[in-house]
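Note sheet for the following structure.
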Amino acid sequence: MPCNYRLYPKNWKSEIRQAILARDNNCCKVCKVPNGTHGYRGKDGKFYSSELIMNALEDNGYDYFSHELSHCYDKKGNPTKPMKIVLTVMHLDHDINNNDYDNLKAACQRCHNKYDRQHRNETRKRRSGQLALFNFIQIGQMM
């Protein structure tokens, strides 16, 4: 989901985000992939940079990554476009108002989304419960 920067402090992009990325060596703190790297993710989530793949293919032949990266080819067998890693900054407590540097960590989009998945699911369940209660009350009032 895109970031709504209106909810963040004015210095989020210019200071806070930059400081966290610098502190975390411009790499995802979960999977260790550097910001801006091009490549592919294997089925297990491991990241293979385009440079690593090209070197391995030259050294070991074209079947070297066939199992791990088979999903990176279209139905005709042509390679798909590599992804570019774009680092985000995640709030460890999921509170966008808590911008203490100990609460922030650099993460690629995959790792950030994975970290937030349980929180999002709990929020959805809580909201759907409220909607179910609201619908139940409306139906009861109609009778």
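Every chain in the structure tokens has a letter given in the order shown (A, B, ...), and although residue numbers restart at 1 in each chain, ligands are simply numbered from 1 in the order shown.
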
- Message: Residues within 7 Å of Asn103 (chain A), please, as a PyMOL selection string. Count only C-alpha atoms; anything in the same chain fewer than 2 positions from it doesn't count.
- Response: chain A and resi 91-93+99-101+105

- Per DSSP on the backbone, what are the alpha helix (DSSP H) residues of chain A, as number ranges by chain? A: 17-23, 50-60, 109-142

Please write the residues from the selection above to a file, keeping C-alpha atoms, as a short mmCIF file (atom, residue, chain, number, x, y, z; two decimals), in the first residue's frame.
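And here is the file that came out, result-v7.cif:
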data_model
loop_
_atom_site.label_atom_id
_atom_site.label_comp_id
_atom_site.auth_asym_id
_atom_site.auth_seq_id
_atom_site.Cartn_x
_atom_site.Cartn_y
_atom_site.Cartn_z
CA ARG A 17 13.92 8.31 6.60
CA GLN A 18 17.39 9.33 5.45
CA ALA A 19 18.84 8.92 8.95
CA ILE A 20 17.35 5.43 9.36
CA LEU A 21 18.58 4.28 5.93
CA ALA A 22 22.07 5.62 6.71
CA ARG A 23 22.08 3.97 10.16
CA SER A 50 21.02 -9.62 -11.57
CA GLU A 51 24.81 -9.37 -11.29
CA LEU A 52 25.01 -12.59 -9.25
CA ILE A 53 22.76 -14.40 -11.71
CA MET A 54 24.76 -13.29 -14.75
CA ASN A 55 28.07 -14.32 -13.13
CA ALA A 56 26.65 -17.70 -12.07
CA LEU A 57 25.16 -18.33 -15.50
CA GLU A 58 28.49 -17.59 -17.16
CA ASP A 59 30.37 -19.84 -14.72
CA ASN A 60 27.87 -22.70 -14.31
CA GLN A 109 8.86 -3.76 0.62
CA ARG A 110 8.55 -7.55 0.86
CA CYS A 111 9.91 -7.73 4.41
CA HIS A 112 7.90 -4.66 5.50
CA ASN A 113 4.65 -6.15 4.16
CA LYS A 114 5.43 -9.51 5.74
CA TYR A 115 6.07 -7.80 9.10
CA ASP A 116 2.81 -5.82 8.87
CA ARG A 117 0.67 -8.76 7.64
CA GLN A 118 -0.43 -9.97 11.08
CA HIS A 119 -1.23 -6.43 12.23
CA ARG A 120 -3.30 -5.80 9.07
CA ASN A 121 -5.17 -9.09 9.50
CA GLU A 122 -6.02 -8.27 13.12
CA THR A 123 -7.19 -4.81 12.10
CA ARG A 124 -9.39 -6.29 9.34
CA LYS A 125 -10.93 -8.77 11.75
CA ARG A 126 -11.61 -6.04 14.28
CA ARG A 127 -13.20 -3.81 11.64
CA SER A 128 -15.24 -6.60 10.10
CA GLY A 129 -16.55 -7.45 13.56
CA GLN A 130 -17.71 -3.87 13.97
CA LEU A 131 -19.39 -3.99 10.56
CA ALA A 132 -21.08 -7.27 11.43
CA LEU A 133 -22.40 -5.74 14.66
CA PHE A 134 -23.57 -2.63 12.76
CA ASN A 135 -25.38 -4.80 10.17
CA PHE A 136 -26.91 -6.92 12.94
CA ILE A 137 -28.29 -3.80 14.65
CA GLN A 138 -29.67 -2.44 11.36
CA ILE A 139 -31.40 -5.72 10.54
CA GLY A 140 -32.86 -5.86 14.08
CA GLN A 141 -34.25 -2.34 13.71
CA MET A 142 -35.97 -3.24 10.43
#

- Item | DSSP-assigned strand (DSSP E or B) members of region 6-129 of chain A, reported as a ChimeraX atom specification | /A:27,34,38-41,47-49,73,79,83-84,87-91,104-108

- Query: Using only C-alpha atoms, which residue out of A:Ile96, A:Ala106, A:His38, A:Asp44 lies closest to Met83 (chain A)?
  - Reply: A:His38

- Message: Ranking A:Leu7, A:Asn97, A:Lys29, A:Pro82 by minimum distance to Ser49 (chain A) and counting only C-alpha atoms, which one comes first?
- Response: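 Nearest candidate to Ser49 (chain A) out of A:Leu7, A:Asn97, A:Lys29, A:Pro82: A:Pro82.
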